[in-house]
file query_30.tsv (TSV, C-alpha atoms)
chain	number	residue	atom	x	y	z
A	27	MET	CA	7.48	-1.57	7.74
A	28	MET	CA	5.54	-3.46	10.37
A	29	ASP	CA	6.06	-3.54	14.12
A	30	SER	CA	3.98	-4.07	17.21
A	31	GLY	CA	1.35	-1.59	18.30
A	32	PRO	CA	2.15	0.91	21.05
A	33	ALA	CA	1.06	0.59	24.64
A	34	VAL	CA	-2.41	1.95	25.42
A	35	GLU	CA	-2.56	5.29	27.22
A	36	PRO	CA	-5.37	5.77	29.74
A	37	HIS	CA	-6.72	9.10	28.43
A	38	LEU	CA	-7.78	10.77	25.21
A	39	ASP	CA	-5.34	13.31	23.79
A	40	SER	CA	-6.45	16.35	21.82
A	41	PHE	CA	-5.77	14.61	18.50
A	42	SER	CA	-7.98	11.65	19.43
A	43	LEU	CA	-10.73	14.02	20.59
A	44	ALA	CA	-10.81	15.65	17.15
A	45	PHE	CA	-10.04	12.58	15.04
A	46	PRO	CA	-11.00	9.34	16.80
A	47	LEU	CA	-9.62	6.12	15.36
A	48	PRO	CA	-12.61	5.36	13.05
A	49	TYR	CA	-12.19	8.72	11.32
A	50	ARG	CA	-8.45	8.21	10.91
A	51	ILE	CA	-9.16	4.89	9.17
A	52	ALA	CA	-11.73	6.59	6.93
A	53	ILE	CA	-9.29	9.39	6.03
A	54	ILE	CA	-6.56	6.97	4.96
A	55	VAL	CA	-9.00	4.87	2.92
A	56	ILE	CA	-10.31	7.98	1.14
A	57	LEU	CA	-6.78	9.22	0.50
A	58	ALA	CA	-6.08	5.87	-1.15
A	59	VAL	CA	-8.95	6.43	-3.60
A	60	TRP	CA	-7.73	9.95	-4.41
A	61	GLY	CA	-4.20	8.58	-4.77
A	62	TRP	CA	-5.30	5.87	-7.20
A	63	GLY	CA	-7.06	8.51	-9.27
A	64	LEU	CA	-3.85	10.56	-9.38
A	65	ASN	CA	-1.88	7.44	-10.35
A	66	LEU	CA	-4.25	6.77	-13.24
A	67	HIS	CA	-4.33	10.43	-14.29
A	68	PHE	CA	-0.57	11.03	-14.35
A	69	LEU	CA	0.22	7.71	-16.02
A	70	HIS	CA	-2.47	8.43	-18.61
A	71	ILE	CA	-0.69	11.71	-19.38
A	72	ARG	CA	2.54	9.74	-19.73
A	73	ARG	CA	0.73	7.49	-22.26
A	74	ILE	CA	0.87	4.44	-19.98
A	75	ASP	CA	-2.37	2.48	-20.27
A	76	VAL	CA	-2.93	1.20	-16.73
A	77	PRO	CA	-6.36	-0.42	-17.45
A	78	SER	CA	-4.81	-2.60	-20.15
A	79	LEU	CA	-2.10	-3.79	-17.73
A	80	ILE	CA	-4.65	-4.90	-15.14
A	81	ARG	CA	-7.00	-6.24	-17.85
A	82	TYR	CA	-9.71	-3.70	-17.09
A	83	PRO	CA	-12.10	-2.92	-19.97
A	84	GLY	CA	-11.36	0.28	-21.86
A	85	ARG	CA	-13.91	3.00	-22.53
A	86	SER	CA	-16.14	2.15	-25.51
A	87	SER	CA	-16.96	5.79	-26.21
A	88	SER	CA	-15.15	9.10	-25.88
A	89	ALA	CA	-18.31	10.42	-24.20
A	90	GLN	CA	-17.67	8.16	-21.21
A	91	LEU	CA	-15.70	9.47	-18.25
A	92	THR	CA	-12.04	8.50	-18.22
A	93	HIS	CA	-10.99	5.99	-15.58
A	94	HIS	CA	-9.30	8.63	-13.46
A	95	HIS	CA	-12.28	10.97	-13.59
A	96	SER	CA	-14.54	8.10	-12.46
A	97	THR	CA	-12.15	7.49	-9.58
A	98	TYR	CA	-12.18	11.19	-8.67
A	99	ARG	CA	-15.97	11.11	-8.62
A	100	ILE	CA	-16.20	8.26	-6.11
A	101	ALA	CA	-13.41	9.88	-4.06
A	102	SER	CA	-15.39	13.14	-3.97
A	103	LEU	CA	-18.50	11.27	-2.85
A	104	LEU	CA	-16.59	9.50	-0.07
A	105	SER	CA	-14.96	12.77	1.01
A	106	SER	CA	-18.29	14.59	1.14
A	107	ALA	CA	-19.96	11.87	3.22
A	108	SER	CA	-17.06	11.68	5.67
A	109	GLY	CA	-16.70	15.47	5.85
A	110	LEU	CA	-20.36	15.81	6.80
A	111	SER	CA	-19.99	13.07	9.41
A	112	ILE	CA	-16.91	14.68	10.98
A	113	VAL	CA	-18.53	18.13	11.18
A	114	THR	CA	-21.65	16.61	12.75
A	115	PHE	CA	-19.49	14.76	15.26
A	116	TRP	CA	-17.59	17.91	16.20
A	117	LEU	CA	-20.80	19.91	16.66
A	118	LEU	CA	-22.29	17.27	18.96
A	119	THR	CA	-19.18	16.46	21.01
A	120	ARG	CA	-17.52	19.91	21.23
A	121	GLY	CA	-14.27	18.31	22.32
A	122	ASP	CA	-15.76	16.83	25.51
A	123	PRO	CA	-14.15	13.40	26.23
A	124	HIS	CA	-17.38	11.90	27.61
A	125	ARG	CA	-19.37	13.03	24.57
A	126	VAL	CA	-16.66	11.73	22.22
A	127	ILE	CA	-16.96	8.29	23.80
A	128	ASP	CA	-20.77	8.34	23.91
A	129	TYR	CA	-21.15	9.37	20.27
A	130	ASP	CA	-18.88	6.65	18.89
A	131	TRP	CA	-21.76	5.42	16.72
A	132	ILE	CA	-21.35	8.45	14.41
A	133	PRO	CA	-17.83	7.65	13.14
A	134	MET	CA	-18.69	3.94	13.04
A	135	THR	CA	-21.74	4.75	10.91
A	136	ASN	CA	-19.42	6.69	8.62
A	137	LEU	CA	-17.30	3.57	8.11
A	138	LEU	CA	-20.47	1.65	7.26
A	139	VAL	CA	-21.45	4.34	4.74
A	140	ILE	CA	-18.01	4.08	3.10
A	141	ALA	CA	-18.41	0.32	2.84
A	142	LEU	CA	-21.86	0.74	1.27
A	143	LEU	CA	-20.62	3.34	-1.21
A	144	PHE	CA	-18.03	0.83	-2.38
A	145	SER	CA	-20.58	-1.94	-2.82
A	146	ILE	CA	-23.96	-0.58	-3.94
A	147	PRO	CA	-24.89	0.78	-7.40
A	148	LEU	CA	-24.92	4.60	-7.59
A	149	ARG	CA	-26.08	5.16	-11.14
A	150	LYS	CA	-28.41	8.00	-10.14
A	151	LEU	CA	-25.31	9.86	-8.97
A	152	SER	CA	-23.53	9.08	-12.26
A	153	VAL	CA	-21.01	6.90	-10.47
A	154	SER	CA	-20.08	3.73	-12.37
A	155	HIS	CA	-20.51	0.51	-10.40
A	156	HIS	CA	-18.34	-1.63	-12.67
A	157	GLY	CA	-15.02	-0.47	-11.27
A	158	ARG	CA	-16.10	-0.94	-7.66
A	159	SER	CA	-17.54	-4.39	-8.32
A	160	ARG	CA	-14.30	-5.35	-10.09
A	161	LEU	CA	-12.35	-4.12	-7.05
A	162	LEU	CA	-14.49	-6.19	-4.67
A	163	ARG	CA	-14.12	-9.33	-6.81
A	164	THR	CA	-10.36	-8.85	-6.98
A	165	LEU	CA	-10.19	-8.20	-3.25
A	166	LYS	CA	-12.16	-11.38	-2.57
A	167	ARG	CA	-9.77	-13.43	-4.71
A	168	VAL	CA	-6.66	-11.77	-3.31
A	169	SER	CA	-7.80	-12.00	0.33
A	170	VAL	CA	-7.27	-15.78	0.30
A	171	GLY	CA	-3.96	-15.52	-1.54
A	172	GLY	CA	-5.43	-16.20	-4.96
A	173	LEU	CA	-3.79	-15.06	-8.16
A	174	ALA	CA	-5.38	-14.68	-11.60
A	175	GLU	CA	-3.66	-15.83	-14.75
A	176	ALA	CA	-1.77	-13.14	-16.67
A	177	LYS	CA	-4.51	-12.89	-19.29
A	178	ASP	CA	-7.15	-12.40	-16.57
A	179	GLY	CA	-5.42	-9.60	-14.65
A	180	LYS	CA	-2.58	-11.12	-12.66
A	181	PHE	CA	-0.77	-7.79	-12.42
A	182	GLY	CA	-3.85	-6.16	-10.88
A	183	ASP	CA	-3.99	-8.89	-8.23
A	184	ILE	CA	-0.32	-8.37	-7.39
A	185	LEU	CA	-0.70	-4.60	-7.26
A	186	LEU	CA	-3.69	-4.80	-4.90
A	187	ALA	CA	-2.00	-7.37	-2.64
A	188	ASP	CA	1.11	-5.19	-2.39
A	189	VAL	CA	-1.06	-2.21	-1.46
A	190	LEU	CA	-2.65	-4.33	1.30
A	191	THR	CA	0.78	-4.90	2.86
A	192	SER	CA	1.05	-1.13	3.31
A	193	TYR	CA	-2.44	-1.06	4.81
A	194	ALA	CA	-1.74	-3.84	7.32
A	195	LYS	CA	-1.80	-1.46	10.30
A	196	VAL	CA	-4.90	0.30	9.01
A	197	VAL	CA	-6.71	-3.04	8.68
A	198	ALA	CA	-5.55	-3.98	12.19
A	199	ASP	CA	-6.89	-0.67	13.51
A	200	LEU	CA	-10.22	-1.39	11.81
A	201	PHE	CA	-10.40	-4.65	13.74
A	202	VAL	CA	-9.52	-2.76	16.95
A	203	CYS	CA	-12.37	-0.30	16.25
A	204	LEU	CA	-14.89	-3.09	15.77
A	205	CYS	CA	-13.62	-4.97	18.81
A	206	MET	CA	-13.89	-1.90	21.06
A	207	PHE	CA	-17.29	-0.95	19.63
A	208	LEU	CA	-18.71	-4.42	20.26
A	209	THR	CA	-17.24	-4.74	23.76
A	210	SER	CA	-19.97	-4.23	26.36
A	211	ASP	CA	-18.15	-1.46	28.25
A	212	GLY	CA	-16.02	-0.25	25.34
A	213	SER	CA	-16.20	2.55	22.81
A	214	ALA	CA	-14.71	2.83	19.33
A	215	THR	CA	-13.71	6.43	20.07
A	216	ALA	CA	-11.92	5.68	23.35
A	217	ARG	CA	-8.16	5.48	23.54
A	218	PRO	CA	-7.33	2.65	21.08
A	219	ASP	CA	-6.78	-0.65	22.86
A	220	ARG	CA	-4.58	-2.49	20.40
A	221	GLY	CA	-4.66	-5.50	22.68
A	222	CYS	CA	-8.41	-5.83	22.19
A	223	GLY	CA	-9.33	-9.43	21.41
A	224	GLY	CA	-6.22	-10.83	23.07
A	225	ASP	CA	-2.48	-10.81	22.41
A	226	VAL	CA	-2.63	-12.86	19.21
A	227	LEU	CA	-5.39	-11.49	16.95
A	228	VAL	CA	-3.91	-8.09	16.09
A	229	PRO	CA	-0.44	-9.52	15.24
A	230	MET	CA	-2.16	-12.16	13.10
A	231	ILE	CA	-4.05	-9.46	11.20
A	232	LEU	CA	-0.82	-7.51	10.69
A	233	ALA	CA	0.77	-10.62	9.16
A	234	ILE	CA	-2.09	-11.57	6.82
A	235	PRO	CA	-1.21	-9.21	3.90
A	236	SER	CA	2.37	-10.51	3.81
A	237	ALA	CA	1.06	-14.08	3.97
A	238	ILE	CA	-1.19	-13.30	0.98
A	239	ARG	CA	1.74	-12.06	-1.10
A	240	LEU	CA	3.88	-14.99	0.01
A	241	ARG	CA	1.22	-17.43	-1.22
A	242	GLN	CA	0.95	-15.57	-4.52
A	243	CYS	CA	4.72	-15.88	-4.99
A	244	LEU	CA	4.53	-19.61	-4.34
A	245	ILE	CA	1.67	-19.92	-6.87
A	246	GLU	CA	3.89	-18.13	-9.40
A	247	TYR	CA	6.73	-20.55	-8.62
A	248	VAL	CA	4.51	-23.59	-9.13
A	249	ARG	CA	3.22	-22.18	-12.43
A	250	VAL	CA	6.76	-21.61	-13.67
A	251	ARG	CA	7.84	-25.11	-12.65
A	252	SER	CA	4.89	-26.65	-14.48
A	253	ALA	CA	5.27	-24.51	-17.61
A	254	PRO	CA	5.97	-26.58	-20.77
A	255	LEU	CA	8.72	-24.19	-21.95
A	256	ARG	CA	10.69	-23.73	-18.76
A	257	GLU	CA	13.75	-22.44	-20.60
A	258	ALA	CA	11.70	-19.36	-21.57
A	259	THR	CA	10.50	-18.64	-18.02
A	260	GLY	CA	13.46	-19.77	-15.91
A	261	TRP	CA	13.25	-22.16	-12.98
A	262	GLY	CA	11.30	-19.79	-10.73
A	263	GLY	CA	14.03	-18.86	-8.29
A	264	GLN	CA	13.09	-15.20	-8.33
A	265	HIS	CA	9.58	-16.03	-7.10
A	266	LEU	CA	11.08	-17.98	-4.19
A	267	ALA	CA	13.33	-15.02	-3.38
A	268	ASN	CA	10.29	-12.75	-3.46
A	269	ALA	CA	8.42	-15.14	-1.16
A	270	ALA	CA	11.40	-15.03	1.21
A	271	LYS	CA	11.16	-11.24	1.22
A	272	TYR	CA	7.55	-11.32	2.42
A	273	SER	CA	8.38	-13.97	5.01
A	274	THR	CA	10.79	-11.52	6.69
A	275	ALA	CA	7.72	-9.58	7.89
A	276	PHE	CA	6.68	-12.40	10.22
A	277	PRO	CA	9.62	-12.18	12.69
A	278	VAL	CA	9.03	-8.42	12.91
A	279	VAL	CA	5.39	-8.94	13.88
A	280	ILE	CA	6.05	-11.84	16.26
A	281	LEU	CA	9.00	-10.25	18.06
A	282	GLY	CA	7.18	-6.91	18.22
A	283	ALA	CA	4.18	-8.57	19.87
A	284	MET	CA	6.46	-10.35	22.34
A	285	LEU	CA	8.17	-7.05	23.22
A	286	ARG	CA	4.84	-5.34	23.71
A	287	ASN	CA	3.75	-7.96	26.21
A	288	GLN	CA	7.01	-7.89	28.19
A	289	THR	CA	6.61	-6.52	31.70
A	290	GLU	CA	10.34	-5.87	32.15
A	291	ALA	CA	13.31	-5.04	29.93
A	292	ALA	CA	14.43	-7.77	27.50
A	293	PRO	CA	17.60	-6.54	25.74
A	294	GLY	CA	18.06	-9.77	23.79
A	295	LEU	CA	14.52	-9.62	22.45
A	296	SER	CA	14.95	-5.97	21.50
A	297	ARG	CA	18.12	-6.71	19.56
A	298	ALA	CA	16.39	-9.58	17.76
A	299	TRP	CA	13.53	-7.24	16.81
A	300	ILE	CA	15.97	-4.62	15.49
A	301	ALA	CA	17.77	-7.28	13.43
A	302	ALA	CA	14.43	-8.50	12.00
A	303	CYS	CA	13.40	-4.93	11.13
A	304	MET	CA	16.71	-4.26	9.39
A	305	LEU	CA	16.45	-7.45	7.33
A	306	ASN	CA	12.85	-6.70	6.32
A	307	SER	CA	13.53	-3.03	5.49
A	308	PHE	CA	16.72	-3.44	3.48
A	309	TYR	CA	15.60	-6.59	1.66
A	310	SER	CA	12.35	-4.84	0.70
A	311	PHE	CA	14.22	-1.70	-0.37
A	312	TYR	CA	16.56	-3.74	-2.55
A	313	TRP	CA	13.58	-5.47	-4.15
A	314	ASP	CA	11.78	-2.19	-4.80
A	315	VAL	CA	14.75	-0.76	-6.67
A	316	ALA	CA	16.22	-3.80	-8.42
A	317	LYS	CA	13.16	-5.95	-9.13
A	318	ASP	CA	9.98	-3.89	-8.92
A	319	TRP	CA	11.47	-0.90	-10.77
A	320	ASP	CA	14.17	-2.70	-12.82
A	321	LEU	CA	16.79	-0.10	-11.95
A	322	THR	CA	20.49	-0.98	-12.14
A	323	LEU	CA	21.63	0.63	-8.88
A	324	PHE	CA	22.44	-2.78	-7.36
A	325	SER	CA	23.66	-4.40	-10.59
A	326	ASP	CA	27.32	-5.03	-11.36
A	327	ALA	CA	29.53	-2.00	-12.04
A	328	ARG	CA	29.47	-2.46	-15.81
A	329	GLU	CA	25.69	-2.35	-16.05
A	330	ARG	CA	25.29	0.29	-13.34
A	331	ASN	CA	27.75	2.65	-15.07
A	332	SER	CA	26.61	1.90	-18.63
A	333	PRO	CA	26.72	4.96	-20.92
A	334	ASP	CA	23.33	3.88	-22.30
A	335	HIS	CA	21.49	5.23	-19.26
A	336	PRO	CA	21.95	7.52	-16.23
A	337	PHE	CA	23.97	6.02	-13.39
A	338	GLY	CA	22.04	3.29	-11.57
A	339	LEU	CA	18.85	3.73	-13.60
A	340	ARG	CA	17.79	2.25	-16.97
A	341	ARG	CA	17.54	3.30	-20.58
A	342	ARG	CA	13.81	3.97	-20.74
A	343	LEU	CA	12.43	6.47	-18.24
A	344	LEU	CA	8.75	7.24	-18.75
A	345	VAL	CA	7.70	8.85	-15.47
A	346	HIS	CA	10.10	11.77	-15.11
A	347	ARG	CA	13.67	13.04	-15.32
A	348	PRO	CA	16.53	11.06	-13.72
A	349	GLY	CA	16.68	13.37	-10.69
A	350	VAL	CA	13.17	12.31	-9.68
A	351	TYR	CA	14.21	8.65	-9.76
A	352	TYR	CA	17.15	9.33	-7.44
A	353	ALA	CA	14.89	11.30	-5.08
A	354	VAL	CA	12.31	8.49	-5.04
A	355	ILE	CA	15.00	5.89	-4.28
A	356	ALA	CA	16.13	7.96	-1.28
A	357	LEU	CA	12.53	8.52	-0.17
A	358	ASP	CA	11.74	4.82	-0.40
A	359	LEU	CA	14.73	3.96	1.78
A	360	ALA	CA	13.87	6.61	4.37
A	361	LEU	CA	10.22	5.57	4.63
A	362	ARG	CA	11.18	1.88	4.79
A	363	CYS	CA	13.11	2.74	7.96
A	364	THR	CA	10.63	4.86	9.95
A	365	TRP	CA	10.72	2.19	12.68
A	366	MET	CA	14.15	3.55	13.64
A	367	ILE	CA	12.54	6.40	15.57
A	368	LYS	CA	11.96	3.83	18.31
A	369	LEU	CA	15.75	3.51	18.69
A	370	ASN	CA	16.13	7.17	19.65
A	371	PRO	CA	15.28	7.69	23.35
A	372	SER	CA	14.05	11.23	22.70
A	373	LEU	CA	11.76	10.07	19.87
A	374	ASP	CA	10.62	6.75	21.32
A	375	GLN	CA	8.05	8.43	23.57
A	376	ILE	CA	6.39	10.43	20.80
A	377	SER	CA	6.23	7.29	18.64
A	378	ASN	CA	3.44	6.12	20.96
A	379	PHE	CA	1.33	9.24	20.42
A	380	GLU	CA	-1.78	8.62	18.35
A	381	SER	CA	-0.89	11.54	16.09
A	382	THR	CA	2.53	9.98	15.41
A	383	ILE	CA	0.98	6.56	14.73
A	384	PHE	CA	-1.39	8.17	12.23
A	385	LEU	CA	1.47	10.08	10.60
A	386	LEU	CA	3.53	6.90	10.20
A	387	GLN	CA	0.56	5.08	8.69
A	388	PHE	CA	0.05	7.96	6.27
A	389	LEU	CA	3.75	7.97	5.32
A	390	GLU	CA	3.64	4.26	4.51
A	391	VAL	CA	0.55	4.74	2.35
A	392	PHE	CA	2.29	7.72	0.68
A	393	ARG	CA	5.39	5.56	0.03
A	394	ARG	CA	3.20	2.92	-1.60
A	395	TRP	CA	1.44	5.57	-3.70
A	396	VAL	CA	4.80	6.77	-5.06
A	397	TRP	CA	5.92	3.15	-5.55
A	398	ILE	CA	2.89	2.47	-7.78
A	399	PHE	CA	3.98	5.03	-10.39
A	400	PHE	CA	7.29	3.30	-10.95
A	401	ARG	CA	6.00	-0.25	-10.57
A	402	VAL	CA	3.34	0.34	-13.23
A	403	GLU	CA	5.89	2.09	-15.46
A	404	THR	CA	8.17	-0.95	-15.18
A	405	GLU	CA	5.36	-3.35	-16.07
A	406	TRP	CA	4.46	-1.21	-19.07
A	407	ILE	CA	8.07	-1.27	-20.32
A	408	ARG	CA	8.24	-5.06	-19.89
A	409	ASN	CA	5.06	-5.50	-21.90
A	410	ASN	CA	5.81	-2.84	-24.52
A	411	PRO	CA	9.46	-3.11	-25.55
A	412	GLU	CA	8.76	-1.32	-28.82
A	413	GLY	CA	8.79	2.02	-27.02
A	414	LEU	CA	5.13	2.93	-26.40
A	415	GLY	CA	4.78	5.69	-23.87
A	416	THR	CA	6.43	9.07	-23.57
A	417	ASP	CA	10.12	8.35	-23.00
A	418	ILE	CA	11.78	11.18	-21.09
A	419	LEU	CA	15.27	10.53	-22.48
A	420	LEU	CA	15.11	8.11	-25.38
A	421	GLY	CA	11.68	8.13	-26.95
A	422	ASP	CA	12.74	6.00	-29.92
A	423	PHE	CA	14.73	3.42	-27.94
A	424	GLN	CA	13.97	-0.17	-28.92
A	425	GLY	CA	14.61	-2.22	-25.79
A	426	ASN	CA	14.45	-5.93	-25.09
A	427	LYS	CA	11.38	-7.31	-23.42
A	428	TYR	CA	11.94	-7.88	-19.74
A	429	GLU	CA	11.21	-11.17	-18.10
A	430	ASP	CA	7.96	-10.96	-16.12
A	431	GLU	CA	9.21	-10.39	-12.57
A	432	ASP	CA	6.84	-9.90	-9.70

call {"tool": "encode", "arguments": {"input": "query_30.tsv", "output": "structure tokens"}}
result
Amino acid sequence: MMDSGPAVEPHLDSFSLAFPLPYRIAIIVILAVWGWGLNLHFLHIRRIDVPSLIRYPGRSSSAQLTHHHSTYRIASLLSSASGLSIVTFWLLTRGDPHRVIDYDWIPMTNLLVIALLFSIPLRKLSVSHHGRSRLLRTLKRVSVGGLAEAKDGKFGDILLADVLTSYAKVVADLFVCLCMFLTSDGSATARPDRGCGGDVLVPMILAIPSAIRLRQCLIEYVRVRSAPLREATGWGGQHLANAAKYSTAFPVVILGAMLRNQTEAAPGLSRAWIAACMLNSFYSFYWDVAKDWDLTLFSDARERNSPDHPFGLRRRLLVHRPGVYYAVIALDLALRCTWMIKLNPSLDQISNFESTIFLLQFLEVFRRWVWIFFRVETEWIRNNPEGLGTDILLGDFQGNKYEDED
């Protein structure tokens, strides 16, 4: 869920003294690497071959590290480097606001080290470079809204672009860090000025990940329309509906930016922002459940109540027992609606605290991490109707191949 950034407070709070904005960005990036390793590890246990879905080369020898262990190794390296940087920063600043501002180059150097660890070969440390170089190539293609063909890793492009939508605020905060660091009288460890660079740049950055996914959906639509056997692929309406879903993020960003720059109350603008947030949240939640996870919760009563599967779910469940699916559906809805804390007068004030902003960013990244398990499971079922994978309920079920829905 995206909204405008909070107003800037004139002083550093205790949370910002201990964890300035550059370190908070680093923490969330590192957690993403650990999370991806856990995704790969758990799905591997469930006999879901994630590398094959994203067209990543398999291991040629059993002596090679598994994909998840390679991911854990780079995550450990990133964690160690950032941990050393944070401890050094604490020892030098000792919680003094002036020192925190003066030593902003330490956390910024840490961000540079993270970037280098993602891009340079580390064979002497037994860290494979192939996966990181593949990530950077995919990120380069995805960053301009590109989309590979299915045989070249289309699903990986879609997965990465969807993850970027959850990292929109983190990317915007990275821009804020750089802007403050490069400002002549600024500091990257000062109170975050989310208006740095003007009133337009940060909202534009917030909107870019959704624009990337929207363009990918339109590319999918054009490919379907130009396919020689259109009766096998449909007319592409679902891709247009998916594009419409991502377009609902833009009013949220625009109206949020307008509200942030208002000097006096604007009830009409606030109501418009609330309506835009509701549309974006509930449309996205519906798509998560019905399209990304292929669950029947929003299907007609006959399909939803079918005796062939638990209520509102589907016949093949590879990740866990039905109760976990129901819990994840509820969690997804709740975390899609975290913006509602701004509607409660007693909670609105704490929503502007830097600790709360960081918590909300973490919760969105956590929601996306959970989402990945079920999105990858769904893609595996669509591509393997013969029943590969460890089926929780019906291991020998022979399903029909799902239409490729993104």

call {"tool": "closest_atom_pairs", "arguments": {"input": "query_30.tsv", "of": "region 233-345 of chain A", "to": "region 192-208 of chain A", "cutoff": "9 Å", "atoms": "all atoms listed in the file", "output": "tab-separated table"}}
result
residue	atom	partner	partner_atom	distance
A:Ala233	CA	A:Ala194	CA	7.5
A:Ile234	CA	A:Ala194	CA	7.8
A:Pro235	CA	A:Ala194	CA	6.4
A:Ser236	CA	A:Ala194	CA	8.6

call {"tool": "axis_aligned_box", "arguments": {"input": "query_30.tsv", "around": "region 295-303 of chain A", "padding_each_side": "5 Å", "output": "lines of an AutoDock Vina configuration file"}}
result
center_x = 15.8
center_y = -7.1
center_z = 16.8
size_x = 14.7
size_y = 15.0
size_z = 21.3

call {"tool": "atom_distance", "arguments": {"input": "query_30.tsv", "atom1": "CA of Ser307 (chain A)", "atom2": "CA of Asn268 (chain A)"}}
result
13.6 Å

call {"tool": "residues_around", "arguments": {"input": "query_30.tsv", "residues": "region 107-123 of chain A", "least_positions_apart": "5", "cutoff": "8 Å", "atoms": "only C-alpha atoms", "output": "list in words"}}
result
Leu38, Leu43, Ala44, Tyr49, Ala52, Tyr129, Ile132, Pro133, Asn136 and Val139 of chain A

call {"tool": "closest_residue", "arguments": {"input": "query_30.tsv", "among": "A:Tyr352, A:Ala292, A:Trp62, A:Leu79", "to": "Arg394 (chain A)", "atoms": "only C-alpha atoms"}}
result
A:Trp62

call {"tool": "residues_near_point", "arguments": {"input": "query_30.tsv", "point": "(7.8, -11.1, 17.1)", "cutoff": "10 Å", "atoms": "all atoms listed in the file", "output": "list of chain:residue names"}}
result
A:Asp29, A:Ser30, A:Pro229, A:Ala275, A:Phe276, A:Pro277, A:Val278, A:Val279, A:Ile280, A:Leu281, A:Gly282, A:Ala283, A:Met284, A:Leu285, A:Arg286, A:Leu295, A:Ser296, A:Ala298, A:Trp299, A:Ala302

call {"tool": "write_last_selection", "arguments": {"input": "query_30.tsv", "atoms": "C-alpha atoms", "output": "mmCIF file, in the coordinates of the input"}}
result
data_model
loop_
_atom_site.group_PDB
_atom_site.id
_atom_site.type_symbol
_atom_site.label_atom_id
_atom_site.label_comp_id
_atom_site.auth_asym_id
_atom_site.auth_seq_id
_atom_site.Cartn_x
_atom_site.Cartn_y
_atom_site.Cartn_z
ATOM 1 C CA ASP A 29 6.060 -3.540 14.120
ATOM 2 C CA SER A 30 3.980 -4.070 17.210
ATOM 3 C CA PRO A 229 -0.440 -9.520 15.240
ATOM 4 C CA ALA A 275 7.720 -9.580 7.890
ATOM 5 C CA PHE A 276 6.680 -12.400 10.220
ATOM 6 C CA PRO A 277 9.620 -12.180 12.690
ATOM 7 C CA VAL A 278 9.030 -8.420 12.910
ATOM 8 C CA VAL A 279 5.390 -8.940 13.880
ATOM 9 C CA ILE A 280 6.050 -11.840 16.260
ATOM 10 C CA LEU A 281 9.000 -10.250 18.060
ATOM 11 C CA GLY A 282 7.180 -6.910 18.220
ATOM 12 C CA ALA A 283 4.180 -8.570 19.870
ATOM 13 C CA MET A 284 6.460 -10.350 22.340
ATOM 14 C CA LEU A 285 8.170 -7.050 23.220
ATOM 15 C CA ARG A 286 4.840 -5.340 23.710
ATOM 16 C CA LEU A 295 14.520 -9.620 22.450
ATOM 17 C CA SER A 296 14.950 -5.970 21.500
ATOM 18 C CA ALA A 298 16.390 -9.580 17.760
ATOM 19 C CA TRP A 299 13.530 -7.240 16.810
ATOM 20 C CA ALA A 302 14.430 -8.500 12.000
#

call {"tool": "residues_near_point", "arguments": {"input": "query_30.tsv", "point": "(-4.4, -5.5, -6.6)", "cutoff": "10 Å", "atoms": "only C-alpha atoms", "output": "MDAnalysis selection string"}}
result
chainID A and resid 80 161 164:165 167:168 173 179:190

call {"tool": "closest_residue", "arguments": {"input": "query_30.tsv", "among": "A:Leu137, A:Arg342, A:Phe308, A:His94", "to": "Leu69 (chain A)", "atoms": "only C-alpha atoms"}}
result
A:His94

call {"tool": "atom_distance", "arguments": {"input": "query_30.tsv", "atom1": "CA of Leu64 (chain A)", "atom2": "CA of Tyr98 (chain A)"}}
result
8.4 Å

call {"tool": "residues_around", "arguments": {"input": "query_30.tsv", "residues": "Leu389 (chain A)", "least_positions_apart": "5", "cutoff": "12 Å", "atoms": "all atoms listed in the file", "output": "number ranges by chain"}}
result
A: 27, 54, 57-58, 192-193, 357-358, 360-365, 382-384, 394-396

call {"tool": "closest_residue", "arguments": {"input": "query_30.tsv", "among": "A:Ile127, A:Gly224, A:Asp326, A:Arg249", "to": "Ala174 (chain A)", "atoms": "only C-alpha atoms"}}
result
A:Arg249

call {"tool": "closest_residue", "arguments": {"input": "query_30.tsv", "among": "A:Ala216, A:Val76, A:Val354, A:Cys243", "to": "Asn409 (chain A)", "atoms": "all atoms listed in the file"}}
result
A:Val76

call {"tool": "atom_distance", "arguments": {"input": "query_30.tsv", "atom1": "CA of Asp320 (chain A)", "atom2": "CA of Thr404 (chain A)"}}
result
6.7 Å
